[in-house]
>>> print(open('protein29.cif').read())   # mmCIF, C-alpha atoms; chains and numbers go by the auth columns
data_run
loop_
_atom_site.group_PDB
_atom_site.id
_atom_site.type_symbol
_atom_site.label_atom_id
_atom_site.label_comp_id
_atom_site.label_asym_id
_atom_site.label_seq_id
_atom_site.Cartn_x
_atom_site.Cartn_y
_atom_site.Cartn_z
_atom_site.B_iso_or_equiv
_atom_site.auth_seq_id
_atom_site.auth_asym_id
ATOM 1 C CA MET A 1 -9.830 6.357 13.319 0.00 6 N
ATOM 2 C CA SER A 2 -8.953 8.714 10.483 0.00 7 N
ATOM 3 C CA PHE A 3 -6.625 7.809 7.653 0.00 8 N
ATOM 4 C CA GLN A 4 -3.071 9.144 7.604 0.00 9 N
ATOM 5 C CA ALA A 5 -0.435 8.609 4.934 0.00 10 N
ATOM 6 C CA THR A 6 3.064 9.838 4.247 0.00 11 N
ATOM 7 C CA VAL A 7 5.344 9.119 1.335 0.00 12 N
ATOM 8 C CA GLN A 8 9.124 9.186 0.976 0.00 13 N
ATOM 9 C CA SER A 9 11.303 8.412 -1.983 0.00 14 N
ATOM 10 C CA ALA A 10 15.009 7.621 -1.855 0.00 15 N
ATOM 11 C CA GLN A 11 17.360 5.682 -4.118 0.00 16 N
ATOM 12 C CA GLY A 12 14.620 4.059 -6.173 0.00 17 N
ATOM 13 C CA VAL A 13 12.477 3.053 -3.194 0.00 18 N
ATOM 14 C CA VAL A 14 9.102 4.726 -2.663 0.00 19 N
ATOM 15 C CA THR A 15 7.776 4.148 0.849 0.00 20 N
ATOM 16 C CA PHE A 16 4.230 4.852 1.993 0.00 21 N
ATOM 17 C CA ARG A 17 3.416 4.746 5.708 0.00 22 N
ATOM 18 C CA LEU A 18 -0.320 4.164 6.194 0.00 23 N
ATOM 19 C CA SER A 19 -2.404 4.359 9.360 0.00 24 N
ATOM 20 C CA GLY A 20 -6.068 4.419 10.300 0.00 25 N
ATOM 21 C CA GLU A 21 -8.802 3.283 7.948 0.00 26 N
ATOM 22 C CA LEU A 22 -8.405 3.176 4.173 0.00 27 N
ATOM 23 C CA ASP A 23 -11.988 3.260 2.968 0.00 28 N
ATOM 24 C CA SER A 24 -14.153 4.989 0.363 0.00 29 N
ATOM 25 C CA ARG A 25 -13.734 8.361 2.100 0.00 30 N
ATOM 26 C CA SER A 26 -9.941 8.220 2.334 0.00 31 N
ATOM 27 C CA ALA A 27 -9.138 6.252 -0.836 0.00 32 N
ATOM 28 C CA PRO A 28 -9.281 9.305 -3.164 0.00 33 N
ATOM 29 C CA ARG A 29 -6.566 11.005 -1.108 0.00 34 N
ATOM 30 C CA PHE A 30 -4.347 7.900 -1.195 0.00 35 N
ATOM 31 C CA HIS A 31 -5.020 7.494 -4.930 0.00 36 N
ATOM 32 C CA GLU A 32 -3.808 11.071 -5.466 0.00 37 N
ATOM 33 C CA MET A 33 -0.663 10.377 -3.416 0.00 38 N
ATOM 34 C CA ILE A 34 0.055 7.355 -5.612 0.00 39 N
ATOM 35 C CA THR A 35 -0.457 9.486 -8.720 0.00 40 N
ATOM 36 C CA GLN A 36 1.969 12.121 -7.404 0.00 41 N
ATOM 37 C CA ALA A 37 4.656 9.592 -6.421 0.00 42 N
ATOM 38 C CA VAL A 38 7.391 8.907 -8.952 0.00 43 N
ATOM 39 C CA LEU A 39 6.534 5.220 -9.249 0.00 44 N
ATOM 40 C CA PRO A 40 7.721 4.598 -12.816 0.00 45 N
ATOM 41 C CA ALA A 41 11.257 5.575 -11.705 0.00 46 N
ATOM 42 C CA ALA A 42 11.088 3.290 -8.655 0.00 47 N
ATOM 43 C CA ARG A 43 12.639 -0.148 -8.304 0.00 48 N
ATOM 44 C CA ARG A 44 10.642 -0.960 -5.187 0.00 49 N
ATOM 45 C CA LEU A 45 7.396 0.187 -3.606 0.00 50 N
ATOM 46 C CA VAL A 46 7.104 -0.395 0.149 0.00 51 N
ATOM 47 C CA LEU A 47 3.873 0.099 2.082 0.00 52 N
ATOM 48 C CA GLN A 48 4.320 0.211 5.855 0.00 53 N
ATOM 49 C CA MET A 49 0.912 -1.029 7.031 0.00 54 N
ATOM 50 C CA ALA A 50 1.319 -1.936 10.722 0.00 55 N
ATOM 51 C CA ASP A 51 -0.882 0.992 11.754 0.00 56 N
ATOM 52 C CA LEU A 52 -3.555 0.443 9.082 0.00 57 N
ATOM 53 C CA SER A 53 -6.515 -1.006 10.981 0.00 58 N
ATOM 54 C CA TYR A 54 -9.006 -1.377 8.114 0.00 59 N
ATOM 55 C CA MET A 55 -9.015 -1.520 4.325 0.00 60 N
ATOM 56 C CA SER A 56 -12.151 -1.640 2.201 0.00 61 N
ATOM 57 C CA SER A 57 -12.450 -2.593 -1.444 0.00 62 N
ATOM 58 C CA ALA A 58 -11.777 1.085 -2.289 0.00 63 N
ATOM 59 C CA GLY A 59 -8.421 0.781 -0.530 0.00 64 N
ATOM 60 C CA LEU A 60 -7.686 -2.446 -2.357 0.00 65 N
ATOM 61 C CA ARG A 61 -8.394 -0.672 -5.646 0.00 66 N
ATOM 62 C CA CYS A 62 -5.703 1.853 -4.645 0.00 67 N
ATOM 63 C CA LEU A 63 -3.198 -0.978 -4.214 0.00 68 N
ATOM 64 C CA VAL A 64 -4.127 -2.377 -7.629 0.00 69 N
ATOM 65 C CA TYR A 65 -3.713 1.112 -9.102 0.00 70 N
ATOM 66 C CA ALA A 66 -0.269 1.444 -7.475 0.00 71 N
ATOM 67 C CA HIS A 67 0.679 -1.938 -8.958 0.00 72 N
ATOM 68 C CA GLN A 68 -0.438 -0.854 -12.429 0.00 73 N
ATOM 69 C CA ARG A 69 1.198 2.565 -12.181 0.00 74 N
ATOM 70 C CA ALA A 70 4.509 1.155 -10.959 0.00 75 N
ATOM 71 C CA GLY A 71 4.727 -1.419 -13.741 0.00 76 N
ATOM 72 C CA SER A 72 5.742 -5.051 -13.817 0.00 77 N
ATOM 73 C CA GLY A 73 9.411 -4.487 -12.982 0.00 78 N
ATOM 74 C CA VAL A 74 8.732 -2.855 -9.622 0.00 79 N
ATOM 75 C CA ALA A 75 8.652 -5.055 -6.522 0.00 80 N
ATOM 76 C CA ILE A 76 5.781 -4.242 -4.144 0.00 81 N
ATOM 77 C CA GLU A 77 6.132 -5.079 -0.466 0.00 82 N
ATOM 78 C CA LEU A 78 3.495 -4.743 2.232 0.00 83 N
ATOM 79 C CA VAL A 79 5.186 -4.627 5.624 0.00 84 N
ATOM 80 C CA GLY A 80 3.512 -5.388 8.940 0.00 85 N
ATOM 81 C CA THR A 81 0.040 -5.909 7.528 0.00 86 N
ATOM 82 C CA ARG A 82 -2.484 -6.647 10.282 0.00 87 N
ATOM 83 C CA PRO A 83 -4.320 -9.980 9.936 0.00 88 N
ATOM 84 C CA GLU A 84 -7.708 -8.383 9.227 0.00 89 N
ATOM 85 C CA VAL A 85 -6.243 -6.252 6.412 0.00 90 N
ATOM 86 C CA ALA A 86 -4.129 -9.139 5.077 0.00 91 N
ATOM 87 C CA GLU A 87 -7.259 -11.279 4.888 0.00 92 N
ATOM 88 C CA THR A 88 -8.929 -8.725 2.602 0.00 93 N
ATOM 89 C CA ILE A 89 -5.915 -8.838 0.299 0.00 94 N
ATOM 90 C CA ARG A 90 -5.726 -12.645 0.323 0.00 95 N
ATOM 91 C CA LEU A 91 -9.444 -13.120 -0.375 0.00 96 N
ATOM 92 C CA THR A 92 -9.032 -11.302 -3.673 0.00 97 N
ATOM 93 C CA GLY A 93 -5.875 -13.187 -4.647 0.00 98 N
ATOM 94 C CA PHE A 94 -3.931 -9.929 -4.922 0.00 99 N
ATOM 95 C CA ASP A 95 -1.376 -11.306 -2.457 0.00 100 N
ATOM 96 C CA ARG A 96 0.076 -13.262 -5.388 0.00 101 N
ATOM 97 C CA SER A 97 1.063 -9.985 -7.072 0.00 102 N
ATOM 98 C CA LEU A 98 3.153 -8.655 -4.189 0.00 103 N
ATOM 99 C CA THR A 99 5.183 -9.663 -1.153 0.00 104 N
ATOM 100 C CA MET A 100 3.778 -9.498 2.359 0.00 105 N
ATOM 101 C CA LEU A 101 6.419 -9.187 5.095 0.00 106 N
ATOM 102 C CA GLU A 102 6.291 -9.148 8.881 0.00 107 N
ATOM 103 C CA ALA A 103 6.980 -5.816 10.568 0.00 108 N
ATOM 104 C CA GLY A 104 10.706 -5.305 10.927 0.00 109 N
ATOM 105 C CA ALA A 105 11.535 -7.846 8.197 0.00 110 N
ATOM 106 C CA ARG A 106 14.303 -7.047 5.753 0.00 111 N
ATOM 107 C CA PRO A 107 14.029 -8.477 2.233 0.00 112 N
#
>>> encode(input="protein29.cif", output="structure tokens")
Amino acid sequence: MSFQATVQSAQGVVTFRLSGELDSRSAPRFHEMITQAVLPAARRLVLQMADLSYMSSAGLRCLVYAHQRAGSGVAIELVGTRPEVAETIRLTGFDRSLTMLEAGARP
């Protein structure tokens, strides 16, 4: 399954909707989207991940980059993360740097 991503920004919230497989082939495109997003002006970064079926270490590096680019004052939320993708994030300990929410959850 190919990788798809969209980004929206409104009222200090930058939302990425990810689907498919975030791997070494698709990570450069997502990295560029993160670079283009106005993250320093954001209060919150939301990644809708219910349709993301796979994430490699290259994808995880993109999340770390987003965290660094956004800065320490920006809350990062992963919404609807599938168990197999969540496990990748937890194994690295990066889950302690963000909030993982069930699909449909409201913070």
>>> resolve_selection(input="protein29.cif", expression="the PyMOL selection byres ((chain N and resi 39) around 9)", output="PyMOL selection string")
chain N and resi 12+34-38+40-44+67+70-71+74
>>> resolve_selection(input="protein29.cif", expression="the PyMOL selection byres ((chain N and resi 49-66) around 7)", output="PyMOL selection string")
chain N and resi 17-29+32+47-48+67-70+79-87+90+108
>>> atom_distance(input="protein29.cif", atom1="CA of Arg101 (chain N)", atom2="CA of Ser77 (chain N)")
13.1 Å
